[in-house]
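Undergrad: Here's a structure for you.
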Amino acid sequence: MTQDRIIALDGPLNFRDIGGYQTESGQQVKWNKIYRSDSLSRLSVRDKVILFKRKISVDCDLRSEYEKNAAPDSLWAGVKFVDVPLYSNNLHEDKASNKLYRFFHHLPELQDNFIGRIYQNTLLNTHSQKEFAKVFEELLTLPEEEGLVYHCSAGKDRTGMMTALILMALGVPDDTIARDYLLTNQLYDFARERQLPSNDEIASMVAKMNVTRGEGTAILGITETIRAGWGDFANFFKKELGFSHEDLARLRTLYLE
């Protein structure tokens, strides 16, 4: 199977493989296993065939109930749908607003980073943490030859947070995580001018992303918060998401090569 960062589909504009990224240990995230996307409500017949042939068997929908009802996912043969409403409607579940909790975990304030603060609040929301954990549970039980996709509406915020957590779990450097996050902006810049970029434009875009230093300050709401508050992802994974160090080791065995 080909190793394509951006999967050109008729419906979604932001369907991407997060494989191929180098980790700090010198390994690489496996291709054709974990995908991120915008809405999957507009899949064409051709799109469904592509996803089926890629053996994508799990669809994790990060959107709200309202969004799902307004534009439900268009499912393909053999796929399992997992409801993962990431945002919480209950402000009392937001641990980031607790001053003692913030002090104890040395949480960065992110004063001039509005989106980063939203990401931080979501990261530390009790409901949201349970939803993040659902996706990791699916990844830990996914058959070896199959793939998983998670998505929201635009494939930017909720999908970006989920991607940051997965890449941190796999040991991908923060700067690479930021550059992956920024690729969404480039895709939507193309979309305003034409339906899809050409193959040459896609190749050029990805090549540029691979050598440009990331400036995705919003995603620091995830990466900096975890490093400041828990020291590393392993501690956050255990203490906030409820997984063991053995689970993290298994995740890396499954998705790194």
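Please note that chains go A, B, ... in the order of the structure tokens, that every chain numbers its residues from 1, and that ligands are numbered from 1 in the order shown.
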If you run DSSP over the backbone, which residues in segment 72-136 of chain A end up alpha helix (DSSP H)? Put them as a PyMOL selection string.
TA: chain A and resi 99-105+114-123+126-136
Undergrad: Those selected residues, please, written with N, CA and C atoms and delivered as an mmCIF file, in the first residue's frame.
TA:
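Writing the result to out-v3.cif gives the following:
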data_model
loop_
_atom_site.group_PDB
_atom_site.id
_atom_site.type_symbol
_atom_site.label_atom_id
_atom_site.label_comp_id
_atom_site.auth_asym_id
_atom_site.auth_seq_id
_atom_site.Cartn_x
_atom_site.Cartn_y
_atom_site.Cartn_z
ATOM 1 N N LYS A 99 -7.662 26.465 41.069
ATOM 2 C CA LYS A 99 -6.392 27.149 41.348
ATOM 3 C C LYS A 99 -5.398 26.239 42.056
ATOM 4 N N LEU A 100 -5.868 25.421 42.993
ATOM 5 C CA LEU A 100 -4.968 24.525 43.716
ATOM 6 C C LEU A 100 -4.403 23.461 42.764
ATOM 7 N N TYR A 101 -5.248 22.957 41.879
ATOM 8 C CA TYR A 101 -4.809 21.963 40.890
ATOM 9 C C TYR A 101 -3.759 22.565 39.957
ATOM 10 N N ARG A 102 -4.003 23.806 39.538
ATOM 11 C CA ARG A 102 -3.053 24.490 38.656
ATOM 12 C C ARG A 102 -1.710 24.680 39.370
ATOM 13 N N PHE A 103 -1.769 25.090 40.624
ATOM 14 C CA PHE A 103 -0.543 25.329 41.381
ATOM 15 C C PHE A 103 0.230 24.015 41.586
ATOM 16 N N PHE A 104 -0.482 22.971 41.938
ATOM 17 C CA PHE A 104 0.157 21.684 42.220
ATOM 18 C C PHE A 104 0.853 21.129 40.981
ATOM 19 N N HIS A 105 0.230 21.342 39.805
ATOM 20 C CA HIS A 105 0.784 20.789 38.567
ATOM 21 C C HIS A 105 1.629 21.799 37.778
ATOM 22 N N PHE A 114 -5.088 32.147 23.197
ATOM 23 C CA PHE A 114 -6.509 31.872 23.454
ATOM 24 C C PHE A 114 -6.881 30.433 23.102
ATOM 25 N N ILE A 115 -6.515 29.983 21.889
ATOM 26 C CA ILE A 115 -6.855 28.622 21.474
ATOM 27 C C ILE A 115 -6.104 27.612 22.335
ATOM 28 N N GLY A 116 -4.852 27.934 22.669
ATOM 29 C CA GLY A 116 -4.078 27.052 23.538
ATOM 30 C C GLY A 116 -4.751 26.845 24.880
ATOM 31 N N ARG A 117 -5.372 27.903 25.427
ATOM 32 C CA ARG A 117 -6.077 27.769 26.702
ATOM 33 C C ARG A 117 -7.300 26.872 26.560
ATOM 34 N N ILE A 118 -7.991 26.960 25.423
ATOM 35 C CA ILE A 118 -9.136 26.077 25.175
ATOM 36 C C ILE A 118 -8.659 24.623 25.138
ATOM 37 N N TYR A 119 -7.539 24.399 24.460
ATOM 38 C CA TYR A 119 -6.996 23.043 24.388
ATOM 39 C C TYR A 119 -6.603 22.550 25.780
ATOM 40 N N GLN A 120 -5.987 23.426 26.565
ATOM 41 C CA GLN A 120 -5.595 23.035 27.916
ATOM 42 C C GLN A 120 -6.818 22.680 28.752
ATOM 43 N N ASN A 121 -7.864 23.484 28.671
ATOM 44 C CA ASN A 121 -9.080 23.198 29.435
ATOM 45 C C ASN A 121 -9.701 21.870 29.011
ATOM 46 N N THR A 122 -9.675 21.591 27.716
ATOM 47 C CA THR A 122 -10.222 20.320 27.222
ATOM 48 C C THR A 122 -9.368 19.159 27.703
ATOM 49 N N LEU A 123 -8.062 19.311 27.623
ATOM 50 C CA LEU A 123 -7.136 18.269 28.052
ATOM 51 C C LEU A 123 -7.368 17.869 29.501
ATOM 52 N N THR A 126 -12.580 16.355 32.972
ATOM 53 C CA THR A 126 -12.816 14.955 33.341
ATOM 54 C C THR A 126 -13.537 14.191 32.238
ATOM 55 N N HIS A 127 -14.595 14.789 31.691
ATOM 56 C CA HIS A 127 -15.336 14.141 30.602
ATOM 57 C C HIS A 127 -14.434 13.935 29.382
ATOM 58 N N SER A 128 -13.723 14.961 29.002
ATOM 59 C CA SER A 128 -12.876 14.888 27.808
ATOM 60 C C SER A 128 -11.790 13.829 27.969
ATOM 61 N N GLN A 129 -11.220 13.711 29.164
ATOM 62 C CA GLN A 129 -10.192 12.705 29.391
ATOM 63 C C GLN A 129 -10.735 11.298 29.174
ATOM 64 N N LYS A 130 -11.974 11.058 29.587
ATOM 65 C CA LYS A 130 -12.583 9.747 29.353
ATOM 66 C C LYS A 130 -12.757 9.483 27.851
ATOM 67 N N GLU A 131 -13.047 10.543 27.094
ATOM 68 C CA GLU A 131 -13.228 10.386 25.649
ATOM 69 C C GLU A 131 -11.883 10.178 24.949
ATOM 70 N N PHE A 132 -10.860 10.929 25.355
ATOM 71 C CA PHE A 132 -9.516 10.681 24.817
ATOM 72 C C PHE A 132 -9.131 9.219 25.057
ATOM 73 N N ALA A 133 -9.431 8.732 26.250
ATOM 74 C CA ALA A 133 -9.063 7.357 26.607
ATOM 75 C C ALA A 133 -9.760 6.339 25.705
ATOM 76 N N LYS A 134 -10.982 6.641 25.257
ATOM 77 C CA LYS A 134 -11.703 5.713 24.371
ATOM 78 C C LYS A 134 -10.906 5.426 23.100
ATOM 79 N N VAL A 135 -10.315 6.471 22.522
ATOM 80 C CA VAL A 135 -9.566 6.297 21.282
ATOM 81 C C VAL A 135 -8.324 5.451 21.534
ATOM 82 N N PHE A 136 -7.639 5.714 22.661
ATOM 83 C CA PHE A 136 -6.468 4.900 22.988
ATOM 84 C C PHE A 136 -6.862 3.437 23.220
#
Undergrad: List the neighbours of Trp76 of chain A out to 10 Å using only C-alpha atoms; skip same-chain residues closer than 3 positions along the sequence, and give me the result as a list in words.
TA: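 Near Trp76 of chain A, the qualifying residues are Leu43, Ser44, Val45, Asp47, Lys48, Val49, Ile50, Leu51, Phe52, Ile56, Ser57, Asp59, Asp73, Val79, Lys80 and Phe81 of chain A.
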Undergrad: Write out the residues from the selection above, keeping C-alpha atoms, as a compact mmCIF listing (two decimals), in the first residue's frame.
TA:
# COMPACT_ATOMS: atom_id res chain seq x y z
CA LEU A 43 -18.08 10.27 1.56
CA SER A 44 -18.65 9.27 -2.04
CA VAL A 45 -18.92 5.65 -3.16
CA ASP A 47 -14.24 7.26 -0.97
CA LYS A 48 -15.83 4.30 0.79
CA VAL A 49 -14.04 1.88 -1.50
CA ILE A 50 -10.71 3.59 -0.73
CA LEU A 51 -11.28 3.39 3.04
CA PHE A 52 -12.36 -0.25 2.78
CA ILE A 56 -9.84 1.18 8.09
CA SER A 57 -12.15 -0.68 10.43
CA ASP A 59 -14.27 5.30 12.96
CA ASP A 73 -20.98 9.79 9.26
CA VAL A 79 -16.37 -0.29 9.88
CA LYS A 80 -17.09 0.01 13.61
CA PHE A 81 -18.49 3.39 14.67
Undergrad: For each of A:Leu86, A:Ala77, A:Leu142, A:Val58, take the minimum atom-to-atom distance to Leu254 of chain A, counting only C-alpha atoms, then give the residue where this is smallest.
TA: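 Ranked by minimum distance to Leu254 of chain A, first place goes to A:Leu142.
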Undergrad: Using only C-alpha atoms for the distances, tell me which of A:Asn14, A:Asn32, A:Gln27, A:Ser39 is nearest to Gly147 of chain A.
TA: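 Distance minimum relative to Gly147 of chain A lands on A:Asn32.
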Undergrad: Which polymer residues have any atom within 10 Å of an atom of segment 220-226 of chain A, counting only C-alpha atoms, with same-chain residues fewer than 4 positions away left out, as number ranges by chain?
TA: A: 105-110, 113-124, 160-162, 164-165, 168, 173-175, 177-178, 215-216, 230-237
Undergrad: For those residues, write N, CA, C and O atoms to a file as a compact mmCIF listing (two decimals), in the first residue's frame.
TA:
# COMPACT_ATOMS: atom_id res chain seq x y z
N HIS A 105 0.23 21.34 39.81
CA HIS A 105 0.78 20.79 38.57
C HIS A 105 1.63 21.80 37.78
O HIS A 105 2.07 21.48 36.67
N HIS A 106 1.82 23.00 38.33
CA HIS A 106 2.66 24.01 37.66
C HIS A 106 2.18 24.25 36.22
O HIS A 106 2.99 24.33 35.28
N LEU A 107 0.88 24.39 36.03
CA LEU A 107 0.33 24.51 34.68
C LEU A 107 0.68 25.85 34.06
O LEU A 107 0.54 26.89 34.71
N PRO A 108 1.15 25.87 32.81
CA PRO A 108 1.43 27.15 32.14
C PRO A 108 0.15 27.94 31.95
O PRO A 108 -0.92 27.38 31.68
N GLU A 109 0.24 29.25 32.08
CA GLU A 109 -0.95 30.09 32.02
C GLU A 109 -1.42 30.36 30.59
O GLU A 109 -2.59 30.61 30.35
N LEU A 110 -0.51 30.40 29.62
CA LEU A 110 -0.86 30.60 28.21
C LEU A 110 -1.71 31.86 28.02
O LEU A 110 -2.70 31.87 27.29
N ASN A 113 -2.44 33.07 24.46
CA ASN A 113 -2.70 31.94 23.57
C ASN A 113 -4.13 31.44 23.79
O ASN A 113 -4.36 30.45 24.48
N PHE A 114 -5.09 32.15 23.20
CA PHE A 114 -6.51 31.87 23.45
C PHE A 114 -6.88 30.43 23.10
O PHE A 114 -7.50 29.72 23.90
N ILE A 115 -6.52 29.98 21.89
CA ILE A 115 -6.85 28.62 21.47
C ILE A 115 -6.10 27.61 22.33
O ILE A 115 -6.64 26.57 22.72
N GLY A 116 -4.85 27.93 22.67
CA GLY A 116 -4.08 27.05 23.54
C GLY A 116 -4.75 26.84 24.88
O GLY A 116 -4.72 25.74 25.44
N ARG A 117 -5.37 27.90 25.43
CA ARG A 117 -6.08 27.77 26.70
C ARG A 117 -7.30 26.87 26.56
O ARG A 117 -7.62 26.09 27.46
N ILE A 118 -7.99 26.96 25.42
CA ILE A 118 -9.14 26.08 25.17
C ILE A 118 -8.66 24.62 25.14
O ILE A 118 -9.28 23.73 25.72
N TYR A 119 -7.54 24.40 24.46
CA TYR A 119 -7.00 23.04 24.39
C TYR A 119 -6.60 22.55 25.78
O TYR A 119 -6.83 21.39 26.13
N GLN A 120 -5.99 23.43 26.56
CA GLN A 120 -5.59 23.04 27.92
C GLN A 120 -6.82 22.68 28.75
O GLN A 120 -6.83 21.66 29.46
N ASN A 121 -7.86 23.48 28.67
CA ASN A 121 -9.08 23.20 29.43
C ASN A 121 -9.70 21.87 29.01
O ASN A 121 -10.20 21.11 29.85
N THR A 122 -9.67 21.59 27.72
CA THR A 122 -10.22 20.32 27.22
C THR A 122 -9.37 19.16 27.70
O THR A 122 -9.89 18.13 28.16
N LEU A 123 -8.06 19.31 27.62
CA LEU A 123 -7.14 18.27 28.05
C LEU A 123 -7.37 17.87 29.50
O LEU A 123 -7.23 16.70 29.86
N LEU A 124 -7.73 18.85 30.33
CA LEU A 124 -7.85 18.62 31.77
C LEU A 124 -9.30 18.53 32.24
O LEU A 124 -9.58 18.65 33.43
N GLY A 160 -6.91 17.77 16.15
CA GLY A 160 -5.55 18.19 16.43
C GLY A 160 -5.10 17.81 17.84
O GLY A 160 -3.95 17.38 18.05
N MET A 161 -5.99 17.97 18.82
CA MET A 161 -5.66 17.57 20.19
C MET A 161 -5.43 16.07 20.29
O MET A 161 -4.47 15.62 20.93
N MET A 162 -6.32 15.30 19.66
CA MET A 162 -6.18 13.84 19.70
C MET A 162 -4.87 13.42 19.03
O MET A 162 -4.17 12.54 19.53
N ALA A 164 -2.11 15.21 18.76
CA ALA A 164 -1.00 15.58 19.63
C ALA A 164 -0.78 14.53 20.71
O ALA A 164 0.36 14.14 21.01
N LEU A 165 -1.85 14.04 21.30
CA LEU A 165 -1.73 13.03 22.35
C LEU A 165 -1.17 11.72 21.80
O LEU A 165 -0.30 11.10 22.42
N MET A 168 2.53 12.26 20.94
CA MET A 168 3.32 12.33 22.18
C MET A 168 3.48 10.92 22.76
O MET A 168 4.57 10.56 23.22
N PRO A 173 8.67 14.20 18.46
CA PRO A 173 9.04 15.50 19.04
C PRO A 173 7.94 16.55 18.90
O PRO A 173 7.15 16.52 17.95
N ASP A 174 7.92 17.49 19.84
CA ASP A 174 6.89 18.52 19.87
C ASP A 174 6.85 19.34 18.58
O ASP A 174 5.78 19.72 18.10
N ASP A 175 8.03 19.62 18.01
CA ASP A 175 8.06 20.45 16.81
C ASP A 175 7.38 19.75 15.63
O ASP A 175 6.69 20.38 14.83
N ILE A 177 4.96 17.59 15.96
CA ILE A 177 3.54 17.63 16.30
C ILE A 177 2.94 18.97 15.86
O ILE A 177 1.84 19.03 15.29
N ALA A 178 3.68 20.05 16.11
CA ALA A 178 3.20 21.38 15.72
C ALA A 178 3.08 21.50 14.21
O ALA A 178 2.11 22.08 13.69
N GLU A 215 5.28 26.43 14.15
CA GLU A 215 4.91 27.59 14.93
C GLU A 215 3.46 27.46 15.40
O GLU A 215 2.75 28.43 15.56
N GLY A 216 3.04 26.22 15.58
CA GLY A 216 1.66 25.96 16.00
C GLY A 216 1.51 26.21 17.49
O GLY A 216 1.41 25.27 18.29
N TRP A 230 3.23 17.10 34.31
CA TRP A 230 3.46 15.69 34.62
C TRP A 230 4.86 15.22 34.28
O TRP A 230 5.19 14.06 34.52
N GLY A 231 5.68 16.07 33.70
CA GLY A 231 7.04 15.72 33.38
C GLY A 231 7.20 15.05 32.04
O GLY A 231 8.06 15.42 31.24
N ASP A 232 6.34 14.09 31.77
CA ASP A 232 6.36 13.43 30.46
C ASP A 232 5.00 12.81 30.19
O ASP A 232 4.11 12.79 31.07
N PHE A 233 4.82 12.30 28.98
CA PHE A 233 3.51 11.77 28.61
C PHE A 233 3.17 10.51 29.41
O PHE A 233 2.00 10.28 29.74
N ALA A 234 4.16 9.70 29.72
CA ALA A 234 3.89 8.45 30.43
C ALA A 234 3.16 8.70 31.74
O ALA A 234 2.20 7.98 32.09
N ASN A 235 3.57 9.72 32.49
CA ASN A 235 2.91 10.03 33.76
C ASN A 235 1.50 10.55 33.54
O ASN A 235 0.57 10.18 34.26
N PHE A 236 1.33 11.40 32.53
CA PHE A 236 -0.01 11.90 32.22
C PHE A 236 -0.92 10.76 31.81
O PHE A 236 -2.08 10.67 32.23
N PHE A 237 -0.42 9.86 30.97
CA PHE A 237 -1.18 8.72 30.45
C PHE A 237 -1.70 7.85 31.60
O PHE A 237 -2.83 7.36 31.57
Undergrad: From a DSSP calculation on the backbone, collect every residue of segment 29-225 of chain A in strand (DSSP E or B) and output the set as number ranges by chain.
TA: A: 29, 34-37, 56-61, 80-83, 94, 125, 147-151
Undergrad: So that I have them on file, write out the residues from the current selection with C-alpha atoms, as an mmCIF file, in the first residue's frame.
TA:
data_model
loop_
_atom_site.group_PDB
_atom_site.id
_atom_site.type_symbol
_atom_site.label_atom_id
_atom_site.label_comp_id
_atom_site.auth_asym_id
_atom_site.auth_seq_id
_atom_site.Cartn_x
_atom_site.Cartn_y
_atom_site.Cartn_z
ATOM 1 C CA VAL A 29 5.310 5.780 13.227
ATOM 2 C CA ILE A 34 -3.761 5.755 12.163
ATOM 3 C CA TYR A 35 -5.637 8.442 10.231
ATOM 4 C CA ARG A 36 -7.073 11.867 11.094
ATOM 5 C CA SER A 37 -9.836 13.641 9.196
ATOM 6 C CA ILE A 56 -9.837 1.178 8.091
ATOM 7 C CA SER A 57 -12.152 -0.682 10.429
ATOM 8 C CA VAL A 58 -12.726 1.820 13.275
ATOM 9 C CA ASP A 59 -14.274 5.299 12.963
ATOM 10 C CA CYS A 60 -13.998 7.453 16.122
ATOM 11 C CA ASP A 61 -16.292 10.487 15.807
ATOM 12 C CA LYS A 80 -17.087 0.007 13.611
ATOM 13 C CA PHE A 81 -18.487 3.394 14.671
ATOM 14 C CA VAL A 82 -17.303 4.726 18.043
ATOM 15 C CA ASP A 83 -19.073 7.729 19.578
ATOM 16 C CA ASP A 94 -12.809 21.371 34.105
ATOM 17 C CA ASN A 125 -11.625 18.154 31.651
ATOM 18 C CA GLY A 147 -6.523 0.897 10.605
ATOM 19 C CA LEU A 148 -8.387 3.520 12.651
ATOM 20 C CA VAL A 149 -9.589 7.036 11.833
ATOM 21 C CA TYR A 150 -10.694 9.740 14.269
ATOM 22 C CA HIS A 151 -12.237 13.028 13.204
#
Undergrad: Of the candidates A:Leu62, A:Ala169, A:Ala218, A:Leu182, which one gets nearest to Leu241 of chain A if we count only C-alpha atoms?
TA: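 Of A:Leu62, A:Ala169, A:Ala218, A:Leu182, the one nearest Leu241 of chain A, counting only C-alpha atoms, is A:Ala169.
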Undergrad: Looking at A:Leu13, A:Cys152, A:Ile6, A:Ala249, which one is nearest to Glu65 of chain A, with distances taken over only C-alpha atoms?
TA: A:Cys152
Undergrad: Interatomic distance between atom CA of Leu248 of chain A and atom CA of Leu167 of chain A?
TA: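 That distance, rounded to one decimal, is 11.9 Å.
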Undergrad: What does the distance between atom CA of Ala8 of chain A and atom CA of Thr159 of chain A come to in Å, to one decimal place?
TA: 18.0 Å
